[in-house]
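Quick look at input.csv (CSV, C-alpha atoms and all ligand atoms):
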chain,number,residue,atom,x,y,z
T,282,MET,CA,68.1,69.0,-16.3
T,283,SER,CA,64.9,67.2,-15.6
T,284,GLU,CA,64.4,66.7,-19.4
T,285,ASN,CA,67.1,64.1,-19.3
T,286,ILE,CA,65.6,62.2,-16.5
T,287,ASN,CA,61.9,62.0,-17.3
T,288,ILE,CA,61.0,59.4,-19.8
T,289,ALA,CA,57.3,59.3,-20.7
T,290,PRO,CA,56.1,55.7,-20.1
T,291,GLU,CA,55.0,55.4,-23.8
T,292,GLN,CA,58.6,56.2,-24.8
T,293,ALA,CA,60.2,53.5,-22.6
T,294,ALA,CA,61.3,50.4,-24.5
T,295,PRO,CA,58.1,48.5,-25.3
T,296,GLU,CA,57.9,45.0,-23.8
T,297,LYS,CA,59.0,42.4,-26.3
T,298,ARG,CA,56.0,40.8,-27.9
T,299,LYS,CA,55.7,37.1,-27.5
T,300,ARG,CA,56.1,34.9,-30.5
T,301,ILE,CA,53.7,32.3,-31.8
T,302,PHE,CA,54.4,29.5,-34.3
T,303,SER,CA,51.9,27.1,-35.8
T,304,GLY,CA,51.3,25.1,-38.9
T,305,VAL,CA,48.8,22.8,-40.7
T,306,GLN,CA,49.8,20.1,-43.2
T,307,PRO,CA,48.6,20.5,-46.8
T,308,SER,CA,47.7,16.9,-46.9
T,309,GLY,CA,44.0,17.2,-47.6
T,310,ILE,CA,41.2,19.7,-47.9
T,311,LEU,CA,41.0,21.8,-44.8
T,312,THR,CA,38.1,21.0,-42.5
T,313,LEU,CA,35.9,22.6,-39.9
T,314,GLY,CA,38.2,20.9,-37.4
T,315,ASN,CA,41.2,22.8,-38.7
T,316,TYR,CA,39.2,26.0,-38.7
T,317,LEU,CA,37.7,25.8,-35.2
T,318,GLY,CA,40.6,23.9,-33.7
T,319,ALA,CA,43.4,26.0,-35.1
T,320,ILE,CA,43.0,28.8,-37.7
T,321,LYS,CA,40.1,30.7,-36.1
T,322,ASN,CA,42.3,31.1,-33.0
T,323,TRP,CA,45.3,32.1,-35.0
T,324,VAL,CA,43.4,35.1,-36.3
T,325,ALA,CA,42.6,36.2,-32.8
T,326,LEU,CA,46.2,36.0,-31.7
T,327,GLN,CA,47.8,38.1,-34.4
T,328,ASN,CA,47.0,41.4,-32.7
T,329,ASP,CA,48.8,40.6,-29.5
T,330,TYR,CA,51.6,38.4,-30.7
T,331,ASP,CA,54.2,38.1,-33.4
T,332,CYS,CA,52.9,35.2,-35.3
T,333,LEU,CA,54.3,32.8,-37.9
T,334,TYR,CA,51.9,30.5,-39.7
T,335,CYS,CA,53.3,27.8,-41.8
T,336,VAL,CA,52.1,25.4,-44.5
T,337,VAL,CA,54.1,22.3,-43.4
T,338,ASP,CA,54.6,20.5,-46.7
T,339,LEU,CA,57.8,18.7,-45.4
T,340,HIS,CA,55.6,17.0,-42.8
T,341,ALA,CA,53.0,16.0,-45.4
T,342,ILE,CA,55.3,13.7,-47.3
T,343,THR,CA,55.7,11.4,-44.3
T,344,VAL,CA,52.5,9.9,-45.9
T,345,ARG,CA,52.6,9.3,-49.7
T,346,GLN,CA,51.1,12.3,-51.6
T,347,VAL,CA,50.2,12.8,-55.2
T,348,PRO,CA,52.6,15.5,-56.3
T,349,THR,CA,50.1,17.7,-58.2
T,350,ASP,CA,47.7,17.5,-55.3
T,351,LEU,CA,50.3,18.4,-52.8
T,352,ARG,CA,51.3,21.4,-54.9
T,353,ARG,CA,47.7,22.6,-55.3
T,354,ARG,CA,46.9,22.1,-51.7
T,355,THR,CA,49.9,24.1,-50.6
T,356,LEU,CA,48.5,27.1,-52.4
T,357,GLU,CA,45.0,26.4,-51.2
T,358,GLY,CA,46.2,26.1,-47.7
T,359,LEU,CA,47.8,29.6,-47.8
T,360,ALA,CA,44.7,31.0,-49.5
T,361,LEU,CA,42.6,29.6,-46.7
T,362,TYR,CA,44.8,31.2,-44.1
T,363,VAL,CA,44.3,34.5,-45.8
T,364,ALA,CA,40.5,33.9,-46.3
T,365,CYS,CA,40.1,33.1,-42.6
T,366,GLY,CA,41.6,36.4,-41.7
T,367,ILE,CA,45.3,36.0,-41.2
T,368,ASP,CA,46.7,39.3,-42.3
T,369,PRO,CA,50.0,39.2,-44.3
T,370,GLU,CA,50.7,42.7,-42.9
T,371,LYS,CA,50.6,41.4,-39.3
T,372,SER,CA,51.7,37.8,-39.5
T,373,ILE,CA,54.3,35.9,-41.4
T,374,MET,CA,52.8,33.2,-43.6
T,375,PHE,CA,55.1,30.8,-45.5
T,376,VAL,CA,55.7,27.3,-46.9
T,377,GLN,CA,58.0,25.1,-44.9
T,378,SER,CA,60.0,23.8,-47.8
T,379,HIS,CA,60.8,27.4,-48.9
T,380,VAL,CA,63.0,27.8,-45.8
T,381,PRO,CA,65.8,25.3,-45.7
T,382,SER,CA,66.6,26.0,-42.0
T,383,HIS,CA,63.8,23.6,-41.0
T,384,ALA,CA,65.4,20.5,-42.5
T,385,GLU,CA,68.8,21.7,-41.3
T,386,LEU,CA,67.9,22.1,-37.7
T,387,ALA,CA,65.8,18.9,-37.8
T,388,TRP,CA,69.0,17.0,-38.6
T,389,VAL,CA,70.9,18.5,-35.7
T,390,LEU,CA,68.0,18.0,-33.2
T,391,GLY,CA,67.6,14.4,-34.4
T,392,CYS,CA,71.0,13.8,-32.9
T,393,TYR,CA,69.7,15.0,-29.5
T,394,THR,CA,66.5,12.9,-29.5
T,395,GLY,CA,66.2,9.4,-28.2
T,396,PHE,CA,64.9,6.5,-30.3
T,397,GLY,CA,62.9,5.5,-27.2
T,398,GLU,CA,61.3,8.9,-26.9
T,399,LEU,CA,60.2,8.8,-30.5
T,400,SER,CA,58.8,5.3,-30.2
T,401,ARG,CA,56.4,6.5,-27.5
T,402,MET,CA,54.7,9.1,-29.7
T,403,THR,CA,51.0,8.1,-30.1
T,404,GLN,CA,50.7,9.8,-33.5
T,405,PHE,CA,53.6,7.6,-34.7
T,406,LYS,CA,51.9,4.5,-33.4
T,407,ASP,CA,48.5,5.5,-35.0
T,408,LYS,CA,50.0,6.5,-38.3
T,409,SER,CA,52.2,3.5,-38.7
T,410,GLN,CA,49.1,1.3,-38.1
T,411,LYS,CA,47.1,3.3,-40.7
T,412,HIS,CA,49.9,3.3,-43.2
T,413,SER,CA,51.4,-0.1,-42.4
T,414,ASP,CA,52.7,-0.4,-46.0
T,415,ASN,CA,54.9,2.7,-45.6
T,416,ILE,CA,56.3,3.0,-42.1
T,417,ASN,CA,59.2,5.3,-43.2
T,418,ALA,CA,61.9,7.0,-41.1
T,419,GLY,CA,60.3,10.4,-41.7
T,420,LEU,CA,57.1,9.3,-40.0
T,421,PHE,CA,59.3,8.3,-37.1
T,422,THR,CA,61.3,11.5,-36.9
T,423,TYR,CA,58.2,13.7,-37.6
T,424,PRO,CA,58.3,15.2,-34.1
T,425,VAL,CA,61.9,16.3,-34.5
T,426,LEU,CA,61.0,18.3,-37.6
T,427,MET,CA,58.1,19.8,-35.7
T,428,ALA,CA,60.5,20.7,-32.8
T,429,ALA,CA,62.8,22.4,-35.4
T,430,ASP,CA,59.8,24.4,-36.8
T,431,ILE,CA,59.1,25.8,-33.3
T,432,LEU,CA,62.6,26.2,-31.9
T,433,LEU,CA,64.0,28.0,-35.0
T,434,TYR,CA,61.8,31.0,-34.3
T,435,GLN,CA,62.2,30.9,-30.5
T,436,ALA,CA,58.4,30.6,-30.2
T,437,ASP,CA,56.9,31.2,-26.8
T,438,LEU,CA,53.5,29.7,-27.6
T,439,VAL,CA,52.3,27.0,-30.0
T,440,PRO,CA,48.5,27.0,-30.6
T,441,VAL,CA,47.6,23.4,-31.4
T,442,GLY,CA,44.9,20.9,-30.9
T,443,LEU,CA,45.0,18.5,-27.9
T,444,ASP,CA,46.3,15.7,-30.2
T,445,GLN,CA,49.6,17.6,-30.7
T,446,LYS,CA,50.3,18.2,-27.0
T,447,GLN,CA,52.7,15.3,-26.9
T,448,HIS,CA,54.7,16.8,-29.7
T,449,ILE,CA,55.1,20.0,-27.8
T,450,GLU,CA,56.2,18.1,-24.8
T,451,ILE,CA,59.0,16.3,-26.8
T,452,THR,CA,60.0,19.7,-28.3
T,453,ARG,CA,60.4,21.1,-24.8
T,454,ASP,CA,62.4,18.0,-23.7
T,455,VAL,CA,64.8,18.3,-26.6
T,456,ALA,CA,65.2,22.0,-26.2
T,457,GLN,CA,65.9,21.7,-22.5
T,458,ARG,CA,68.4,18.9,-23.2
T,459,PHE,CA,70.2,21.1,-25.8
T,460,ASN,CA,70.2,24.1,-23.5
T,461,GLY,CA,71.5,22.0,-20.7
T,462,ILE,CA,74.5,21.1,-22.7
T,463,TYR,CA,75.2,24.4,-24.6
T,464,GLY,CA,73.5,27.2,-22.6
T,465,ASP,CA,70.4,29.1,-23.4
T,466,VAL,CA,70.0,28.6,-27.1
T,467,PHE,CA,66.3,27.9,-27.4
T,468,THR,CA,63.2,29.4,-25.8
T,469,ILE,CA,61.1,26.7,-24.2
T,470,PRO,CA,57.7,26.8,-25.8
T,471,GLU,CA,54.3,26.3,-24.2
T,472,PRO,CA,51.4,24.6,-25.9
T,473,TYR,CA,48.4,27.0,-26.3
T,474,ILE,CA,45.3,24.9,-26.3
T,475,PRO,CA,42.0,26.9,-26.6
T,476,LYS,CA,39.1,25.9,-24.3
T,477,THR,CA,36.3,25.3,-26.8
T,478,GLY,CA,36.5,24.0,-30.3
T,479,MET,CA,39.9,22.5,-29.5
T,480,LYS,CA,38.8,19.1,-30.9
T,481,ILE,CA,36.1,18.6,-33.4
T,482,ASN,CA,35.3,15.0,-34.1
T,483,SER,CA,34.3,13.0,-37.2
T,484,LEU,CA,30.7,13.2,-38.2
T,485,THR,CA,30.6,9.5,-39.0
T,486,ASP,CA,32.7,8.2,-36.1
T,487,PRO,CA,32.5,10.8,-33.3
T,488,THR,CA,35.0,9.0,-31.1
T,489,LYS,CA,37.7,10.0,-33.6
T,490,LYS,CA,39.1,13.4,-34.5
T,491,MET,CA,37.7,15.0,-37.7
T,492,SER,CA,40.5,14.4,-40.2
T,493,LYS,CA,41.1,15.9,-43.6
T,494,SER,CA,42.7,12.7,-44.7
T,495,ASP,CA,39.6,10.6,-43.9
T,496,PRO,CA,38.6,8.9,-47.2
T,497,ASN,CA,34.9,9.4,-46.4
T,498,PRO,CA,33.9,13.0,-47.2
T,499,ALA,CA,30.7,12.5,-45.1
T,500,SER,CA,33.0,12.4,-42.0
T,501,PHE,CA,34.1,16.1,-42.3
T,502,VAL,CA,32.8,19.5,-43.1
T,503,ALA,CA,35.3,21.0,-45.6
T,504,ILE,CA,35.9,24.7,-45.2
T,505,ILE,CA,35.3,25.1,-48.9
T,506,GLU,CA,32.2,23.2,-49.8
T,507,SER,CA,28.7,24.4,-50.5
T,508,ARG,CA,26.3,25.5,-47.9
T,509,ASP,CA,23.9,22.7,-48.8
T,510,GLU,CA,26.6,20.1,-48.5
T,511,THR,CA,27.5,21.3,-45.0
T,512,ILE,CA,23.9,21.3,-43.9
T,513,ARG,CA,23.3,17.8,-45.4
T,514,LYS,CA,26.4,16.3,-43.7
T,515,ILE,CA,25.5,17.6,-40.3
T,516,LYS,CA,21.9,16.3,-40.8
T,517,ARG,CA,23.4,12.9,-41.3
T,518,ALA,CA,25.9,13.0,-38.5
T,519,VAL,CA,26.0,9.9,-36.3
T,520,THR,CA,24.4,10.5,-32.9
T,521,ASP,CA,22.7,8.2,-30.4
T,522,SER,CA,19.2,6.9,-29.7
T,523,ASP,CA,18.8,8.8,-26.5
T,524,ALA,CA,17.1,11.7,-28.3
T,525,VAL,CA,18.0,14.3,-25.7
T,526,VAL,CA,20.3,17.2,-26.5
T,527,ARG,CA,22.6,17.0,-23.5
T,528,TYR,CA,26.4,17.0,-23.1
T,529,ALA,CA,27.3,13.7,-21.4
T,530,GLU,CA,29.7,10.9,-21.4
T,531,GLY,CA,29.0,8.3,-24.2
T,532,LYS,CA,27.1,10.9,-26.3
T,533,ASP,CA,30.1,11.6,-28.5
T,534,GLY,CA,28.0,12.6,-31.6
T,535,ILE,CA,25.8,15.0,-29.7
T,536,ASN,CA,28.8,16.3,-27.7
T,537,ASN,CA,30.6,17.0,-31.0
T,538,LEU,CA,27.6,18.8,-32.5
T,539,MET,CA,27.2,20.9,-29.3
T,540,THR,CA,30.9,21.8,-29.5
T,541,ILE,CA,30.4,23.0,-33.1
T,542,TYR,CA,27.3,24.9,-32.1
T,543,SER,CA,29.0,26.5,-29.1
T,544,SER,CA,32.0,27.5,-31.1
T,545,PHE,CA,30.0,29.4,-33.7
T,546,THR,CA,27.3,30.9,-31.3
T,547,GLY,CA,29.4,31.4,-28.2
T,548,LYS,CA,26.6,29.7,-26.2
T,549,SER,CA,27.5,27.5,-23.3
T,550,PHE,CA,26.5,23.8,-23.1
T,551,ASP,CA,23.9,24.7,-20.5
T,552,GLU,CA,22.4,27.3,-22.7
T,553,ILE,CA,22.3,24.9,-25.6
T,554,GLU,CA,20.6,22.2,-23.5
T,555,LYS,CA,17.9,24.7,-22.5
T,556,GLU,CA,17.5,26.0,-26.0
T,557,PHE,CA,16.8,22.5,-27.3
T,558,ASP,CA,14.9,21.2,-24.3
T,559,GLY,CA,12.0,19.1,-25.6
T,560,LYS,CA,13.2,19.2,-29.1
T,561,GLY,CA,14.5,16.3,-31.2
T,562,TYR,CA,17.8,15.7,-32.9
T,563,GLY,CA,16.3,16.8,-36.2
T,564,ASP,CA,15.8,20.3,-35.0
T,565,PHE,CA,19.1,20.4,-33.3
T,566,LYS,CA,21.0,19.2,-36.3
T,567,ALA,CA,19.2,21.7,-38.6
T,568,ALA,CA,20.3,24.5,-36.3
T,569,VAL,CA,23.9,23.3,-36.1
T,570,GLY,CA,24.0,23.0,-39.9
T,571,GLU,CA,22.7,26.6,-40.2
T,572,VAL,CA,25.1,28.3,-37.8
T,573,CYS,CA,28.0,26.3,-39.3
T,574,ALA,CA,27.1,27.3,-42.9
T,575,ASP,CA,26.6,30.9,-41.8
T,576,GLY,CA,29.8,30.9,-39.8
T,577,LEU,CA,31.8,29.7,-42.8
T,578,GLU,CA,30.0,31.9,-45.4
T,579,ASN,CA,32.5,34.8,-45.2
T,580,VAL,CA,35.5,32.5,-45.3
T,581,ARG,CA,34.1,30.7,-48.3
T,582,ALA,CA,33.4,34.0,-50.2
T,583,GLU,CA,36.9,35.3,-49.4
T,584,TYR,CA,38.5,32.1,-50.4
T,585,ALA,CA,36.7,32.0,-53.8
T,586,ARG,CA,38.0,35.5,-54.5
T,587,ILE,CA,41.6,35.0,-53.3
T,588,ILE,CA,42.3,31.6,-54.8
T,589,LYS,CA,42.0,33.2,-58.3
T,590,ASP,CA,44.8,35.6,-57.5
T,591,LYS,CA,47.8,33.4,-57.8
T,592,ALA,CA,50.3,36.3,-58.1
T,593,TYR,CA,49.0,37.8,-54.8
T,594,LEU,CA,49.3,34.5,-53.0
T,595,GLU,CA,52.8,33.8,-54.4
T,596,GLY,CA,53.8,37.3,-53.3
T,597,ILE,CA,52.7,36.5,-49.7
T,598,MET,CA,54.6,33.2,-49.9
T,599,LYS,CA,57.8,34.8,-51.1
T,600,ASP,CA,57.7,37.6,-48.7
T,601,GLY,CA,56.9,35.3,-45.8
T,602,ALA,CA,59.7,32.9,-46.7
T,603,GLU,CA,62.2,35.8,-46.8
T,604,LYS,CA,61.2,37.0,-43.3
T,605,ALA,CA,61.2,33.5,-41.9
T,606,LEU,CA,64.6,32.7,-43.4
T,607,TYR,CA,66.1,35.8,-41.8
T,608,LEU,CA,64.7,34.9,-38.4
T,609,SER,CA,65.5,31.2,-38.6
T,610,LYS,CA,69.1,31.9,-39.7
T,611,LYS,CA,69.8,33.6,-36.4
T,612,THR,CA,69.0,30.5,-34.4
T,613,LEU,CA,70.6,28.1,-36.9
T,614,SER,CA,73.9,29.9,-36.9
T,615,LYS,CA,73.9,29.9,-33.1
T,616,VAL,CA,73.2,26.2,-33.0
T,617,TYR,CA,75.9,25.4,-35.6
T,618,LYS,CA,78.4,27.4,-33.6
T,619,LYS,CA,77.4,25.7,-30.3
T,620,VAL,CA,77.8,22.2,-31.7
T,621,GLY,CA,81.2,22.9,-33.1
T,622,PHE,CA,80.6,23.2,-36.9
T,623,TYR,CA,83.5,25.1,-38.6
T,624,ALA,CA,82.3,28.6,-39.7
T,625,LYS,CA,82.3,29.1,-43.4
U,701,LIG,N1,51.9,18.2,-36.5
U,701,LIG,C1,51.0,19.3,-36.7
U,701,LIG,C2,49.6,18.6,-37.0
U,701,LIG,O1,49.6,17.6,-37.6
U,701,LIG,C3,51.4,20.2,-37.8
U,701,LIG,C4,52.7,20.9,-37.4
U,701,LIG,C5,53.9,20.8,-38.0
U,701,LIG,C6,52.8,21.9,-36.4
U,701,LIG,N2,54.8,21.6,-37.4
U,701,LIG,C7,54.2,22.3,-36.4
U,701,LIG,C8,51.9,22.5,-35.5
U,701,LIG,C9,54.7,23.3,-35.6
U,701,LIG,C10,52.4,23.5,-34.6
U,701,LIG,C11,53.8,23.8,-34.7
U,701,LIG,O2,48.6,19.2,-36.7
Starting from the coordinates I provided, produce the structure as structure tokens.
Amino acid sequence: MSENINIAPEQAAPEKRKRIFSGVQPSGILTLGNYLGAIKNWVALQNDYDCLYCVVDLHAITVRQVPTDLRRRTLEGLALYVACGIDPEKSIMFVQSHVPSHAELAWVLGCYTGFGELSRMTQFKDKSQKHSDNINAGLFTYPVLMAADILLYQADLVPVGLDQKQHIEITRDVAQRFNGIYGDVFTIPEPYIPKTGMKINSLTDPTKKMSKSDPNPASFVAIIESRDETIRKIKRAVTDSDAVVRYAEGKDGINNLMTIYSSFTGKSFDEIEKEFDGKGYGDFKAAVGEVCADGLENVRAEYARIIKDKAYLEGIMKDGAEKALYLSKKTLSKVYKKVGFYAK
């Protein structure tokens, strides 16, 4: 009789794993900022969460792209995810435009998002200043598409850099509004912002975020460039005239290099200050360049190997899109039903 009662703990229903969604735009060559601020953390998360990692090409066309470049970078983006250690056996990797649910849900959510809310987005304000010749409606509704990305998969956590926090907030607002009207349709996601390495700044203007779309290649370390280039760029990084390696307000260049050094070595800012006590910026920059080049070496080697295998990468894309489509359809059908669309 007791056989029917005793359930070994390991046989009890396992707790549902939390889900993670994140994405990077294929709008430029991926940088150290993308690696330390996003992809490196994605790798660590895939053992404990069900993860979906997307190459968000629909978002990329909010700024004019050269079609052949966009196509190439989409494949390169996926190759880089794999080279960085995202395992296609563990995580779902896919290209956003391969899963029509994203555009479909974005339309619906757009009808539940206020014009005023979107007008307050700092990224919209920044980008419309930068691309004043092309302030298109897609740039304006960008956060709605991002909300669709996240909500389609009922993601619990969204690992992003600090600059994307406002987009997660609007996602939560829209989801809560929708749930308020129709019942619990969407999981309310939380931003997941890692402590260190969350924001790597430009090497030429350290008050700004390192950006892959910066026209000046000296401003960023590309994940795929040569060791020498990396070391040279860091050597030339803009600093200050204070000549003391110390993390402090106003020392944006040094703070940035210390963040990079800390991300690769795991050393705290205190430890770094001690290590370079009495030494000049030249020594410090050389050390940062070395750890950075060393830290990227494996990724670079893996990337060089994987990018040649187009069939393998296309297989991952196809498989990922199938899985993502299946998951996304569940949410989308629910939404269509809730808003009153006639079932086909
Ligand atoms: N907007 C993000 C960026 O520029 C990219 C992105 C699009 C994203 N959709 C997402 C990130 C969904 C996280 C979740 O960095």
**Message:** Calculated over only C-alpha atoms and all ligand atoms, which of the candidates T:Asp454, T:Asp465, T:Glu471, T:Asp331 has the smallest distance to ligand LIG 701 (chain U)?
**Reply:**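 Of all the options, T:Glu471 lies closest to ligand LIG 701 (chain U).
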Which residues of chain T come within 7 Å of ligand LIG 701 (chain U), and what is each one's closest atom pair and distance in Å (one decimal), counting all atoms listed in the file, sorted by chain and residue number, as CSV?
residue,atom,partner,partner_atom,distance
T:Phe302,CA,U:LIG701,C11,5.7
T:Ser303,CA,U:LIG701,C10,3.8
T:Gly304,CA,U:LIG701,C8,4.3
T:Val305,CA,U:LIG701,C3,4.7
T:Gln306,CA,U:LIG701,C3,5.6
T:Val337,CA,U:LIG701,C5,5.6
T:His340,CA,U:LIG701,C5,6.4
T:Met427,CA,U:LIG701,N2,4.1
T:Ala428,CA,U:LIG701,C9,6.9
T:Asp430,CA,U:LIG701,C9,5.4
T:Ile431,CA,U:LIG701,C9,5.6
T:Val439,CA,U:LIG701,C10,5.8
T:Pro440,CA,U:LIG701,C10,6.6
T:Val441,CA,U:LIG701,C10,5.8
T:Gln445,CA,U:LIG701,N1,6.3
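Minimum atom-to-atom distances from T:Thr452, T:Thr511, T:Thr520, T:Asn415 to T:Thr485 were compared using only C-alpha atoms, and the lowest value belongs to T:Thr520.
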**Closest of T:Glu595, T:Asn460, T:Arg527, T:His448 to T:Asp551 - atom-to-atom distances counting all atoms listed in the file** = T:Arg527
**Asked** Quick one: distance from atom CA of T:Ile310 to atom CA of T:Gly547 in Å, one decimal?
**Response**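 Atom CA of T:Gly547 lies at a distance of 25.8 Å from atom CA of T:Ile310.
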Residues of stretch 566-608 of chain T that approach stretch 357-381 of chain T to 8 Å or less, counting all atoms listed in the file: could you list each one with the shortest pair of atoms and its distance in Å to one decimal, rows by chain and increasing residue number, as CSV?
residue,atom,partner,partner_atom,distance
T:Val580,CA,T:Ala364,CA,5.3
T:Arg581,CA,T:Ala364,CA,7.4
T:Glu583,CA,T:Ala364,CA,5.0
T:Tyr584,CA,T:Ala364,CA,4.9
T:Ile587,CA,T:Ala360,CA,6.3
T:Ile588,CA,T:Ala360,CA,5.8
T:Leu594,CA,T:Ala360,CA,6.8
T:Ile597,CA,T:Pro369,CA,6.6
T:Met598,CA,T:Phe375,CA,5.0
T:Lys599,CA,T:Phe375,CA,7.4
T:Asp600,CA,T:Phe375,CA,8.0
T:Gly601,CA,T:Phe375,CA,4.9
T:Ala602,CA,T:Phe375,CA,5.2
T:Lys604,CA,T:Ile373,CA,7.2
T:Ala605,CA,T:Val380,CA,7.1
T:Leu606,CA,T:Val380,CA,5.7
Can I get the selection written as an mmCIF file, keeping the file's coordinate frame, with C-alpha atoms?
data_model
loop_
_atom_site.group_PDB
_atom_site.id
_atom_site.type_symbol
_atom_site.label_atom_id
_atom_site.label_comp_id
_atom_site.auth_asym_id
_atom_site.auth_seq_id
_atom_site.Cartn_x
_atom_site.Cartn_y
_atom_site.Cartn_z
ATOM 1 C CA VAL T 580 35.500 32.500 -45.300
ATOM 2 C CA ARG T 581 34.100 30.700 -48.300
ATOM 3 C CA GLU T 583 36.900 35.300 -49.400
ATOM 4 C CA TYR T 584 38.500 32.100 -50.400
ATOM 5 C CA ILE T 587 41.600 35.000 -53.300
ATOM 6 C CA ILE T 588 42.300 31.600 -54.800
ATOM 7 C CA LEU T 594 49.300 34.500 -53.000
ATOM 8 C CA ILE T 597 52.700 36.500 -49.700
ATOM 9 C CA MET T 598 54.600 33.200 -49.900
ATOM 10 C CA LYS T 599 57.800 34.800 -51.100
ATOM 11 C CA ASP T 600 57.700 37.600 -48.700
ATOM 12 C CA GLY T 601 56.900 35.300 -45.800
ATOM 13 C CA ALA T 602 59.700 32.900 -46.700
ATOM 14 C CA LYS T 604 61.200 37.000 -43.300
ATOM 15 C CA ALA T 605 61.200 33.500 -41.900
ATOM 16 C CA LEU T 606 64.600 32.700 -43.400
#
**Item:** Distance in Å - atom CA of T:Glu571 versus atom CA of T:Ile512
**Value:** 6.6 Å
**Best match for closeness to T:Gln435 among T:Cys332, T:Tyr593, T:Gln410, T:Thr355, counting only C-alpha atoms** = T:Cys332
**Request:** Go ahead and compute the interatomic distance for atom CA of T:Tyr316 and atom CA of T:Ser609, in Å to one decimal.
**Result:**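 So the two atoms, atom CA of T:Tyr316 and atom CA of T:Ser609, lie 26.8 Å apart.
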**Message:** Set the distance at 6 Å and use all atoms listed in the file: which residues neighbour stretch 503-508 of chain T once local chain neighbours fewer than 2 positions away are removed? I'd like the list as a ChimeraX atom specification.
**Reply:** /T:311-313,510-511,574,581
**Prompt:** Between T:His383, T:Arg353, T:Arg401, T:Lys411, which has the minimum distance to T:Leu426 (counting only C-alpha atoms)?
**Reply:** T:His383
**Item:** Local residues around (42.1, 21.6, -36.0), at most 7 Å away, using all atoms listed in the file, as a VMD selection string
**Value:** chain T and resid 314 to 319 442 479 to 480
**Request:** Counting all atoms listed in the file, figure out which residue out of T:Leu443, T:Leu438, T:Ile535, T:Ile541 gets nearest to T:Pro470.
**Result:**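 Of T:Leu443, T:Leu438, T:Ile535, T:Ile541, the one nearest T:Pro470 is T:Leu438, counting all atoms listed in the file.
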**Item:** Within 12 Å of T:Phe545 using only C-alpha atoms, minus same-chain residues under 6 positions, as a list in words
**Value:**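 The residues that qualify are Leu313, Tyr316, Leu317, Gly318, Lys321, Thr477, Gly478, Leu538, Met539, Ala568, Val569, Gly570, Glu571, Val572, Cys573, Ala574, Asp575, Gly576, Leu577 and Glu578 of chain T.
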Show me, as CSV, the residues of stretch 431-546 of chain T having an atom within 9 Å of stretch 390-394 of chain T, each with the closest atom pair and its distance in Å, using only C-alpha atoms.
residue,atom,partner,partner_atom,distance
T:Ile451,CA,T:Thr394,CA,8.7
T:Asp454,CA,T:Thr394,CA,8.7
T:Val455,CA,T:Thr394,CA,6.4
T:Ala456,CA,T:Leu390,CA,8.5
T:Arg458,CA,T:Tyr393,CA,7.5
T:Phe459,CA,T:Tyr393,CA,7.2
Could you give me, as a tab-separated table, a per-residue list for stretch 443-476 of chain T showing, wherever an atom lies at most 10 Å from an atom of stretch 619-622 of chain T, the closest pair of atoms and their distance in Å to one decimal, using all atoms listed in the file and sorting by chain then residue number from low to high?
residue	atom	partner	partner_atom	distance
T:Phe459	CA	T:Lys619	CA	9.7
T:Ile462	CA	T:Lys619	CA	9.3
T:Tyr463	CA	T:Lys619	CA	6.2
T:Gly464	CA	T:Lys619	CA	8.8
T:Val466	CA	T:Lys619	CA	8.6
